[in-house]
Amino acid sequence: MAVEHGLKPEEYEKILSLIGRVPTLTELGIFSAMWNEHCSYKSSKIHLKTLPTKGPQVICGPGENAGVVDIGDGLAVVFKMESHNHPSFIEPYQGAATGVGGILRDVFTMGARPIAALNALRFGAPDHPRTRHLVAGVVEGIGGYGNAFGVPTVGGEVNFHPRYNGNILVNAMAVGIAPADRIFYSAASGVGNPIVYLGSKTGRDGIHGASMASQEFDDATEEKRPTVQVGDPFSEKLLLEACLELMATDAVIAIQDMGAAGLTCSAVEMGAKGNLGVRLDLEHVPCRETGMTPYEMMLSESQERMLMVLRPGREEVAEAIFRKYGLDFAVVGHTTDDKRFRICMNGAEYADLPIKELGDEAPEYDRPWTAPAAPAPLGEVAPVRDLGETLLTLIGSPDLCSRRWVWEQYDHLVQGNTLVRPGGDAAVVRIEGTRKALGVTCDVTPRYVEADPRIGGAQAVAETFRNLCAVGAKPLAITDNLNFGNPERPEIMGQFVAAIRGIGEACSALDTPVVSGNVSLYNETQGRAILPTPAIGAVGLIADCDRIATVPFKAAGAAIVLIGA
Amino acid sequence: MKARVHITLKTGVLDPQGKAIGKALGTLGFEGVGEVRQGKLIEIELAETDPARAEASVRDMCEKLLANTVIEKYDVELVG
Amino acid sequence: MKARVHITLKTGVLDPQGKAIGKALGTLGFEGVGEVRQGKLIEIELAETDPARAEASVRDMCEKLLANTVIEKYDVELVG
Amino acid sequence: MKAVVVVFPGTNRERDVAAAIVRAGGKAEFVWHDETALPRADLIVLPGGFAHGDYLRCGAMAARSAVIPEVIRRAGAGVPVLGICNGFQVLTETGLLPGALLRNAGLKFICRDVHLRVETVRSGFTQAYAQGQVLRVPVAHHDGNYFADADTIARLKDEDRVAFRYCDADGAITAAANPNGSLENIAGILNERRNVLGMMPHPENLTDPAQGGTDGLGLFRSLVETVA
Ligand SMILES: Nc1ncnc2c1ncn2[C@@H]1O[C@H](COP(=O)(O)OP(=O)(O)O)[C@@H](O)[C@H]1O
């Protein structure tokens with residue numbers, strides 16, 4: 001059963017020695033959710049620690065739901081990129097849609113109203129039988145969610161390569177603005193404070209989704225699908241408005257969105273970060289299915305839900321706000337001082353686990369890795385006879401042709417602040433109430449990373465940096481979404497380590513610290529990994545929105561200048 | 001021959017549309033309204049005249065295109 | 001008692017979704033496919049036990065909300 | 001000019017249109033959909049978005065909101081009512097405007113600039129434009145395909161109630177210029193009394209040079225001038 005839950009034998013042994021007995025089914029589910037790669041970062045933490053995360057502009061670096069950077073005028077930009085790769089391969093529309101939903105929540109759970117969204121998409125070869133279906137579904141899903149929610153989707157990238165045939169990548173990025181002195185964090189504080197469930201009801205969606213994200217696909221993939229998360233952007237929009245309204249009062253002590261492994265992950269993290277225990281009484285969890293077991297409630301990945309630690313005495317005020325928006329509000333537990341994670345239902349106890357070892361003291365691995373081999377020399381490139389024809393071939397190729405088909409399906413104008421639309425190097429979004437604007441972009445060239453992960457990682461950062469400079473923005477910080485193959489293979493781990501090294505070096509040299517990010521591993525099918533794809537999302541500041549540069553040539557007879565060798 | 005296909009969300013899949021419709025009916029004063037589910041109706045004119053073959057063909061259409069079998073189920077009815 | 005409501009576009013209203021489905025079925029190799037129309041299926045659980053009253057009520061729901069009678073027509077079927 | 005902008009759950013362009021109104025010299029106030037009373041208003045706006053998630057049909061639930069009977073009453077009393085995109089859908093669902101908005105003929109959501117030809121200047125919304133003037137404004141919708149039966153279309157034309165048509169940059173009404181399959185390239189229409197306008201494109205998103213153009217400003221200026 002441990003294997004079915006994605007736990008390795010050593011991990012199961014560790015559980016036994018940690019709690020001194022055989023775990024209950026609910027406890028097994030909780031460990032499997034918290035200790036899988038997606039939630040625990042067990043293979044990557046040790047290397048991510050080497051990334052530069054500090055700077056005078058950084059208010060909050062990695063470790064929270066999103067990164068927070070000061071942009072002056074009392075404001076902060078809050079942003080992050082996150083992957084939803086495996087679900088999108090199985091159910092492209094809902095997978096992509098819920099990916100967008102998840103990242104938007106990560107931003108507004110910190111108190112920031114989302115003002116821009118981007119997405120980095122990687123698909124298999126254009127003529128692969130599944131590609132068309134996946135492209136159509138993913139783009140429609142991103143548009144379907146983002147457009148209805150009301151955030152402009154202003155940028156991104158789309159690549160095609162056979163190495164993604166069995167593993168597409170859907171990385172969604174969100175950018176929001178918040179008052180710099182009203183950022184909300186997830187660490188619980190205060191003993192005996194109410195833990196409150198907010199948003200949509202819980203159903204049986206996506207149970208085992210977090211575990212699935214950490215397993216490779218094999219021929220039995222088609223059977224891994226029964227529970228897919230289904231998103232409702234309308235509920236998310238209501239949740240956004242309700243949360244922002246609540247955050248304007250003093251009722252919120254800590255808040256976290258429910259993403260992968262829903263209630264389990266959010267409750268454990270809030271408690272562990274605050275060095276507190278958590279006790280949940282599941283009979284109070286609003287359910288939309290009958291007869292849900294504690295196991296199901298703890299692992300459900302129903303969307304559009306948040307978990308909050310509430311200031312005692314504010315229950316009525318808070319509940320009224322959520323009822324106004326037609327959302328559920330329920331006190332489902334309270335914080336304790338014993339650093340235990342206890343799950344009860346109708347008086348019976350189903351789990352009693354040490355909270356730190358589930359959360360920030362979960363296993364960390366230093367997986368063996370081999371340094372990547374030097375790339376083979378390129379060799380001779382035949383001289384081109386017909387430049388015109390070659391040019392047409394190039395700009396008509398899948399990786400260089402216009403992406404208009406994609407971004408015209410995204411509402412990139414809602415909120416009325418889009419100053420530079422998709423199509424250029426970076427999009428620009430105005431910041432209301434100021435003269436400022438933000439440049440936003442995401443980029444990586446996976447075949448460079450494949451050839452030389454260290455240089456490829458650095459190049460990705462450098463390219464986003466240049467994209468921002470090209471619109472007149474001063475790059476402030478980056479978020480990184482690292483998509484790699486199976487980390488248990490030393491050569492893959494080697495790519496990962498080298499890419500992180502390159503990213504770190506570039507960030508240091510360019511003064512763009514990493515303030516948030518995501519890691520997606522096990523992107524492999526039948527032993528063949530994707531191209532190593534460390535997608536970088538970057539944000540820059542434009543001090544005066546009248547001083548923006550754009551791509552199109554403006555007048556005949558002007559000089560064209562090439563800068564750099 | 002005409003085939004009538006009903007495509008509905010599998011039990012347990014979130015149906016915010018159905019819920020909203022139910023709520024709106026309540027607001028409009030209709031009483032005794034329980035669960036509401038919204039699905040698709042697809043009507044297909046077929047040249048095929050043999051009912052068994054027609055049905056098999058339409059079920060195949062459902063599996064391959066009409067239904068998203070990850071989250072939807074279908075039933076087929078032949079008319080005329 | 002359960003009511004099954006079919007909501008379809010009136011004849012004369014173009015149905016590009018239906019047309020696209022027909023085209024896709026052809027591309028997938030299905031032959032003998034004529035016109036395809038896509039509509040909605042709305043299933044409503046009713047507390048009402050008298051069939052005549054239930055049907056009248058549901059027809060009223062259609063007139064007031066479920067169908068946009070400018071472009072849609074509806075039919076009501078009671079089940080169980 | 002004081003505008004009241006109705007906000008439904010799921011509305012997402014209320015701030016866009018309020019900003020446009022302010023740029024044109026007016027003032028804007030928001031009213032939540034479940035209010036039954038409306039403050040004094042020179043203009044009522046139903047903005048763009050996905051009211052009630054577009055469940056059942058676009059604008060269907062919103063049209064049955066508590067605030068709508070008062071909107072209908074004000075329209076009857078001659079107050080200008082502007083429905084943009086989702087707002088146009090709500091207006092057809094309430095019966096304040098004829099016809100319906102169907103799924104785009106291309107079946108995809110479409111967000112890009114289009115050109116509109118001003119078909120009539122006999123309305124408070126368009127009197128600041130010139131007859132036949134070509135405007136550039138963006139669209140952003142999935143269900144903007146205007147449909148009405150033949151009699152209704154004939155009436156709209158006879159009564160000079162087509163406000164805008166999709167056209168090319170030179171003002172020619174062509175199929176290529178029609179982004180969503182709307183009958184006769186109709187992008188916006190007026191009611192009989194000419195005080196209710198529904199349109200699918202988003203003039204509010206092109207009212208500031210920083211947004212890339214100001215062709216949309218004329219509509220809001222028209223209204224400010226009419227009221228003054
Ligand atoms: N998935 C997407 N969503 C939105 N915009 C996209 C997407 N893919 C590409 N774009 C936009 O298309 C343009 C061209 O993309 P690309 O060639 O990747 O740009 P870059 O110059 O950053 O490499 C960019 O403006 C980009 O934002």
# chains A, B, ... in the order shown; residues from 1 in each chain; ligands from 1
call {"tool": "interface_residues", "arguments": {"of": "chain A", "to": "chain B", "cutoff": "10 Å", "atoms": "only C-alpha atoms", "output": "tab-separated table (two decimals) with N, CA and C atoms, in the first residue's frame"}}
result
chain	number	residue	atom	x	y	z
A	90	ILE	N	-3.03	14.66	-19.30
A	90	ILE	CA	-4.16	13.73	-19.20
A	90	ILE	C	-5.48	14.41	-19.58
A	91	GLU	N	-5.68	15.62	-19.15
A	91	GLU	CA	-6.92	16.34	-19.44
A	91	GLU	C	-6.52	17.78	-19.72
A	94	GLN	N	-8.87	21.07	-18.48
A	94	GLN	CA	-8.95	21.26	-17.02
A	94	GLN	C	-7.58	21.31	-16.37
A	201	LYS	N	-16.97	23.94	-1.98
A	201	LYS	CA	-17.09	22.71	-1.21
A	201	LYS	C	-16.07	21.68	-1.67
A	202	THR	N	-15.85	20.69	-0.80
A	202	THR	CA	-14.89	19.64	-1.08
A	202	THR	C	-15.58	18.45	-1.71
A	203	GLY	N	-14.99	17.96	-2.79
A	203	GLY	CA	-15.50	16.76	-3.44
A	203	GLY	C	-14.36	15.77	-3.57
A	204	ARG	N	-14.52	14.78	-4.44
A	204	ARG	CA	-13.49	13.75	-4.58
A	204	ARG	C	-12.49	14.07	-5.70
A	205	ASP	N	-12.38	15.34	-6.07
A	205	ASP	CA	-11.48	15.70	-7.17
A	205	ASP	C	-10.04	15.39	-6.86
A	222	GLU	N	-3.22	5.87	-19.00
A	222	GLU	CA	-4.62	6.10	-19.30
A	222	GLU	C	-5.51	5.69	-18.13
A	223	GLU	N	-5.00	4.79	-17.27
A	223	GLU	CA	-5.82	4.40	-16.12
A	223	GLU	C	-5.61	5.30	-14.92
A	225	ARG	N	-6.37	8.21	-14.53
A	225	ARG	CA	-7.13	9.44	-14.63
A	225	ARG	C	-8.40	9.62	-13.83
A	226	PRO	N	-8.93	8.63	-13.17
A	226	PRO	CA	-10.30	8.80	-12.68
A	226	PRO	C	-10.59	10.12	-11.99
A	227	THR	N	-9.69	10.63	-11.19
A	227	THR	CA	-10.06	11.86	-10.50
A	227	THR	C	-9.19	13.01	-10.99
A	228	VAL	N	-9.80	13.88	-11.75
A	228	VAL	CA	-9.12	15.04	-12.31
A	228	VAL	C	-9.71	16.26	-11.62
A	229	GLN	N	-8.91	17.28	-11.41
A	229	GLN	CA	-9.46	18.48	-10.80
A	229	GLN	C	-10.22	19.27	-11.86
A	230	VAL	N	-11.37	19.76	-11.47
A	230	VAL	CA	-12.16	20.59	-12.39
A	230	VAL	C	-12.23	21.99	-11.79
A	231	GLY	N	-11.92	22.99	-12.57
A	231	GLY	CA	-11.86	24.35	-12.05
A	231	GLY	C	-13.09	25.17	-12.38
A	232	ASP	N	-13.38	26.17	-11.56
A	232	ASP	CA	-14.51	27.07	-11.79
A	232	ASP	C	-14.01	28.49	-11.59
A	234	PHE	N	-15.28	31.29	-12.06
A	234	PHE	CA	-16.25	32.19	-11.46
A	234	PHE	C	-16.14	32.14	-9.94
A	235	SER	N	-16.07	30.95	-9.38
A	235	SER	CA	-15.88	30.83	-7.94
A	235	SER	C	-14.58	31.48	-7.50
A	288	ARG	N	-19.36	18.50	-0.93
A	288	ARG	CA	-20.43	18.44	-1.91
A	288	ARG	C	-20.78	17.01	-2.28
A	289	GLU	N	-20.03	16.06	-1.74
A	289	GLU	CA	-20.34	14.64	-1.90
A	289	GLU	C	-20.75	14.09	-0.55
A	290	THR	N	-21.60	13.05	-0.57
A	290	THR	CA	-21.95	12.44	0.72
A	290	THR	C	-20.96	11.34	1.06
A	302	SER	N	-10.09	19.48	-4.63
A	302	SER	CA	-11.13	20.38	-5.09
A	302	SER	C	-10.56	21.79	-5.13
A	303	GLN	N	-10.95	22.54	-6.12
A	303	GLN	CA	-10.33	23.82	-6.38
A	303	GLN	C	-11.01	24.97	-5.64
call {"tool": "residues_around", "arguments": {"residues": "D:Leu91", "least_positions_apart": "4", "cutoff": "10 Å", "atoms": "only C-alpha atoms", "output": "number ranges by chain"}}
result
D: 46, 59-60, 62-63, 68, 71-72, 81-87, 95-100, 196-199
call {"tool": "residues_near_ligand", "arguments": {"ligand": "ligand 1", "cutoff": "9 Å", "atoms": "only C-alpha atoms and all ligand atoms", "output": "ChimeraX atom specification"}}
result
/A:117-121,139,142,153-159,399-404,406-410,412,421-427,440-445,463-464,467
call {"tool": "interface_residues", "arguments": {"of": "chain C", "to": "chain B", "cutoff": "10 Å", "atoms": "only C-alpha atoms", "output": "PyMOL selection string"}}
result
chain C and resi 1-8+18+21-22+24-25+28-48+54+57-58+60-61+64-66
call {"tool": "interface_residues", "arguments": {"of": "chain D", "to": "chain C", "cutoff": "12 Å", "atoms": "only C-alpha atoms", "output": "VMD selection string"}}
result
chain D and resid 55 to 64 89 to 90 92 to 95 97 to 108 143 145 to 150 152 180 to 183
call {"tool": "closest_residue", "arguments": {"among": "A:Ile115, A:Leu134, A:Val519, A:Ile253", "to": "chain D", "atoms": "only C-alpha atoms"}}
result
A:Ile115
call {"tool": "closest_atom_pairs", "arguments": {"of": "chain A", "to": "chain D", "cutoff": "10 Å", "atoms": "only C-alpha atoms", "output": "tab-separated table"}}
result
residue	atom	partner	partner_atom	distance
A:Glu140	CA	D:Lys108	CA	8.0
A:Gly143	CA	D:Phe109	CA	7.7
A:Gly144	CA	D:Phe109	CA	8.3
A:Asn147	CA	D:Gly49	CA	8.3
A:Ala148	CA	D:Phe50	CA	5.6
A:Phe149	CA	D:Gly10	CA	7.3
A:Gly150	CA	D:Asn12	CA	5.3
A:Val151	CA	D:Asn12	CA	8.5
A:Asp232	CA	D:Gly53	CA	8.3
A:Pro233	CA	D:Gly53	CA	7.5
A:Phe234	CA	D:Gly53	CA	5.0
A:Ser235	CA	D:Gly53	CA	8.2
A:Glu236	CA	D:Gly10	CA	9.4
A:Lys237	CA	D:Gly10	CA	6.4
A:Leu238	CA	D:Pro9	CA	6.8
A:Glu241	CA	D:Pro9	CA	9.5
A:Tyr325	CA	D:Pro9	CA	7.7
A:Gly326	CA	D:Pro9	CA	9.6
A:Arg404	CA	D:Arg112	CA	9.6
A:Trp405	CA	D:Ile110	CA	9.4
A:Val406	CA	D:Ile110	CA	9.9
A:Trp407	CA	D:Cys111	CA	7.9
A:Glu408	CA	D:Cys111	CA	4.8
A:Gln409	CA	D:Phe109	CA	5.0
A:Tyr410	CA	D:Cys111	CA	6.4
A:Asp411	CA	D:Cys111	CA	5.5
A:His412	CA	D:Cys111	CA	7.1
A:Leu413	CA	D:Asn205	CA	7.0
A:Val414	CA	D:Arg13	CA	6.3
A:Gln415	CA	D:Asp16	CA	5.5
A:Gly416	CA	D:Asp16	CA	5.2
A:Asn417	CA	D:Gln211	CA	7.0
A:Thr418	CA	D:Gln211	CA	6.4
A:Leu419	CA	D:Gln211	CA	5.2
A:Val420	CA	D:Gln211	CA	7.9
A:Arg421	CA	D:Gln211	CA	9.2
A:Val429	CA	D:Gln211	CA	9.8
A:Arg430	CA	D:Ala210	CA	8.9
A:Cys545	CA	D:Ala210	CA	7.9
A:Asp546	CA	D:Ala210	CA	7.7
A:Ile548	CA	D:Ala210	CA	9.9
call {"tool": "atom_distance", "arguments": {"atom1": "atom CA of A:Ala374", "atom2": "atom CA of A:Glu450"}}
result
10.3 Å
call {"tool": "closest_residue", "arguments": {"among": "A:His161, A:Lys436, A:Arg105, A:Lys273", "to": "A:Gly63", "atoms": "only C-alpha atoms"}}
result
A:Lys273
call {"tool": "select_by_dssp", "arguments": {"residues": "stretch 264-293 of chain A", "states": "helix (DSSP H, G or I)", "output": "list of chain:residue names"}}
result
A:Thr264, A:Cys265, A:Ser266, A:Ala267, A:Val268, A:Glu269, A:Met270, A:Gly271, A:Ala272, A:Lys273, A:Leu282, A:Glu283, A:His284
call {"tool": "write_last_selection", "arguments": {"atoms": "C-alpha atoms", "output": "JSON list (two decimals), in the first residue's frame"}}
result
[["chain", "number", "residue", "atom", "x", "y", "z"],
["A", 264, "THR", "CA", -3.35, 18.35, 4.18],
["A", 265, "CYS", "CA", -0.63, 20.44, 2.60],
["A", 266, "SER", "CA", -2.04, 23.80, 3.61],
["A", 267, "ALA", "CA", -2.80, 22.82, 7.22],
["A", 268, "VAL", "CA", 0.56, 21.11, 7.76],
["A", 269, "GLU", "CA", 2.52, 23.98, 6.25],
["A", 270, "MET", "CA", 0.69, 26.66, 8.19],
["A", 271, "GLY", "CA", 1.28, 24.82, 11.43],
["A", 272, "ALA", "CA", 4.85, 23.73, 10.76],
["A", 273, "LYS", "CA", 5.97, 27.21, 9.69],
["A", 282, "LEU", "CA", -13.48, 17.13, 9.67],
["A", 283, "GLU", "CA", -17.21, 16.99, 10.34],
["A", 284, "HIS", "CA", -17.14, 20.75, 9.77]]
call {"tool": "decode", "arguments": {"residues": "stretch 84-112 of chain D", "atoms": "N, CA, C and O atoms", "output": "compact mmCIF listing (two decimals), in the first residue's frame"}}
result
# COMPACT_ATOMS: atom_id res chain seq x y z
N ILE D 84 -22.09 46.79 -22.58
CA ILE D 84 -20.88 46.44 -23.35
C ILE D 84 -20.59 44.96 -23.18
O ILE D 84 -20.45 44.48 -22.05
N CYS D 85 -20.49 44.26 -24.28
CA CYS D 85 -20.09 42.85 -24.29
C CYS D 85 -21.05 42.02 -23.42
O CYS D 85 -22.18 41.80 -23.82
N ASN D 86 -20.63 41.59 -22.25
CA ASN D 86 -21.53 40.87 -21.35
C ASN D 86 -22.79 41.70 -21.09
O ASN D 86 -23.88 41.16 -20.98
N GLY D 87 -22.61 43.01 -21.00
CA GLY D 87 -23.74 43.92 -20.79
C GLY D 87 -24.72 43.88 -21.94
O GLY D 87 -25.93 43.93 -21.74
N PHE D 88 -24.25 43.78 -23.17
CA PHE D 88 -25.11 43.64 -24.35
C PHE D 88 -25.89 42.34 -24.24
O PHE D 88 -27.10 42.29 -24.47
N GLN D 89 -25.19 41.27 -23.81
CA GLN D 89 -25.86 39.98 -23.64
C GLN D 89 -26.98 40.09 -22.60
O GLN D 89 -28.08 39.58 -22.79
N VAL D 90 -26.70 40.79 -21.51
CA VAL D 90 -27.73 40.96 -20.48
C VAL D 90 -28.92 41.75 -21.05
O VAL D 90 -30.07 41.39 -20.82
N LEU D 91 -28.65 42.79 -21.82
CA LEU D 91 -29.74 43.61 -22.39
C LEU D 91 -30.64 42.78 -23.30
O LEU D 91 -31.86 42.97 -23.31
N THR D 92 -30.05 41.87 -24.10
CA THR D 92 -30.91 41.06 -24.96
C THR D 92 -31.70 40.07 -24.11
O THR D 92 -32.86 39.78 -24.40
N GLU D 93 -31.12 39.56 -23.05
CA GLU D 93 -31.83 38.62 -22.19
C GLU D 93 -32.99 39.31 -21.45
O GLU D 93 -33.99 38.68 -21.15
N THR D 94 -32.86 40.61 -21.16
CA THR D 94 -33.94 41.31 -20.47
C THR D 94 -35.02 41.74 -21.43
O THR D 94 -36.09 42.16 -21.01
N GLY D 95 -34.73 41.71 -22.74
CA GLY D 95 -35.70 42.17 -23.71
C GLY D 95 -35.60 43.66 -23.99
O GLY D 95 -36.34 44.18 -24.82
N LEU D 96 -34.68 44.36 -23.32
CA LEU D 96 -34.51 45.78 -23.62
C LEU D 96 -33.97 45.97 -25.03
O LEU D 96 -34.14 47.04 -25.64
N LEU D 97 -33.27 44.96 -25.52
CA LEU D 97 -32.83 44.98 -26.92
C LEU D 97 -33.24 43.65 -27.56
O LEU D 97 -33.31 42.63 -26.89
N PRO D 98 -33.51 43.67 -28.87
CA PRO D 98 -33.96 42.44 -29.55
C PRO D 98 -32.79 41.57 -29.96
O PRO D 98 -31.65 42.04 -30.04
N GLY D 99 -33.06 40.30 -30.25
CA GLY D 99 -32.04 39.40 -30.78
C GLY D 99 -31.31 38.66 -29.66
O GLY D 99 -31.74 38.66 -28.50
N ALA D 100 -30.21 38.04 -30.04
CA ALA D 100 -29.43 37.27 -29.07
C ALA D 100 -27.98 37.20 -29.53
O ALA D 100 -27.68 37.40 -30.70
N LEU D 101 -27.10 36.92 -28.58
CA LEU D 101 -25.69 36.77 -28.92
C LEU D 101 -25.32 35.29 -28.81
O LEU D 101 -25.48 34.69 -27.76
N LEU D 102 -24.84 34.72 -29.93
CA LEU D 102 -24.50 33.31 -29.96
C LEU D 102 -22.98 33.12 -29.89
O LEU D 102 -22.22 34.08 -29.96
N ARG D 103 -22.57 31.84 -29.80
CA ARG D 103 -21.14 31.51 -29.82
C ARG D 103 -20.52 32.04 -31.11
O ARG D 103 -21.11 31.96 -32.18
N ASN D 104 -19.32 32.60 -30.99
CA ASN D 104 -18.59 33.07 -32.17
C ASN D 104 -18.57 31.99 -33.25
O ASN D 104 -18.39 30.82 -32.95
N ALA D 105 -18.73 32.42 -34.49
CA ALA D 105 -18.75 31.46 -35.59
C ALA D 105 -17.47 30.63 -35.64
O ALA D 105 -17.50 29.45 -35.99
N GLY D 106 -16.32 31.23 -35.28
CA GLY D 106 -15.04 30.51 -35.29
C GLY D 106 -14.86 29.62 -34.06
O GLY D 106 -13.87 28.91 -33.94
N LEU D 107 -15.84 29.67 -33.14
CA LEU D 107 -15.88 28.84 -31.94
C LEU D 107 -14.81 29.18 -30.91
O LEU D 107 -14.81 28.59 -29.83
N LYS D 108 -13.91 30.10 -31.19
CA LYS D 108 -12.87 30.42 -30.23
C LYS D 108 -13.11 31.79 -29.60
O LYS D 108 -13.75 32.65 -30.21
N PHE D 109 -12.60 31.98 -28.42
CA PHE D 109 -12.54 33.31 -27.80
C PHE D 109 -11.64 34.17 -28.66
O PHE D 109 -10.62 33.69 -29.15
N ILE D 110 -12.02 35.41 -28.86
CA ILE D 110 -11.19 36.25 -29.71
C ILE D 110 -10.93 37.60 -29.06
O ILE D 110 -11.86 38.30 -28.63
N CYS D 111 -9.64 37.95 -28.95
CA CYS D 111 -9.25 39.23 -28.37
C CYS D 111 -8.30 39.91 -29.35
O CYS D 111 -7.14 39.51 -29.47
N ARG D 112 -8.80 40.89 -30.06
CA ARG D 112 -7.95 41.65 -30.96
C ARG D 112 -8.68 42.92 -31.37
O ARG D 112 -9.88 43.08 -31.11
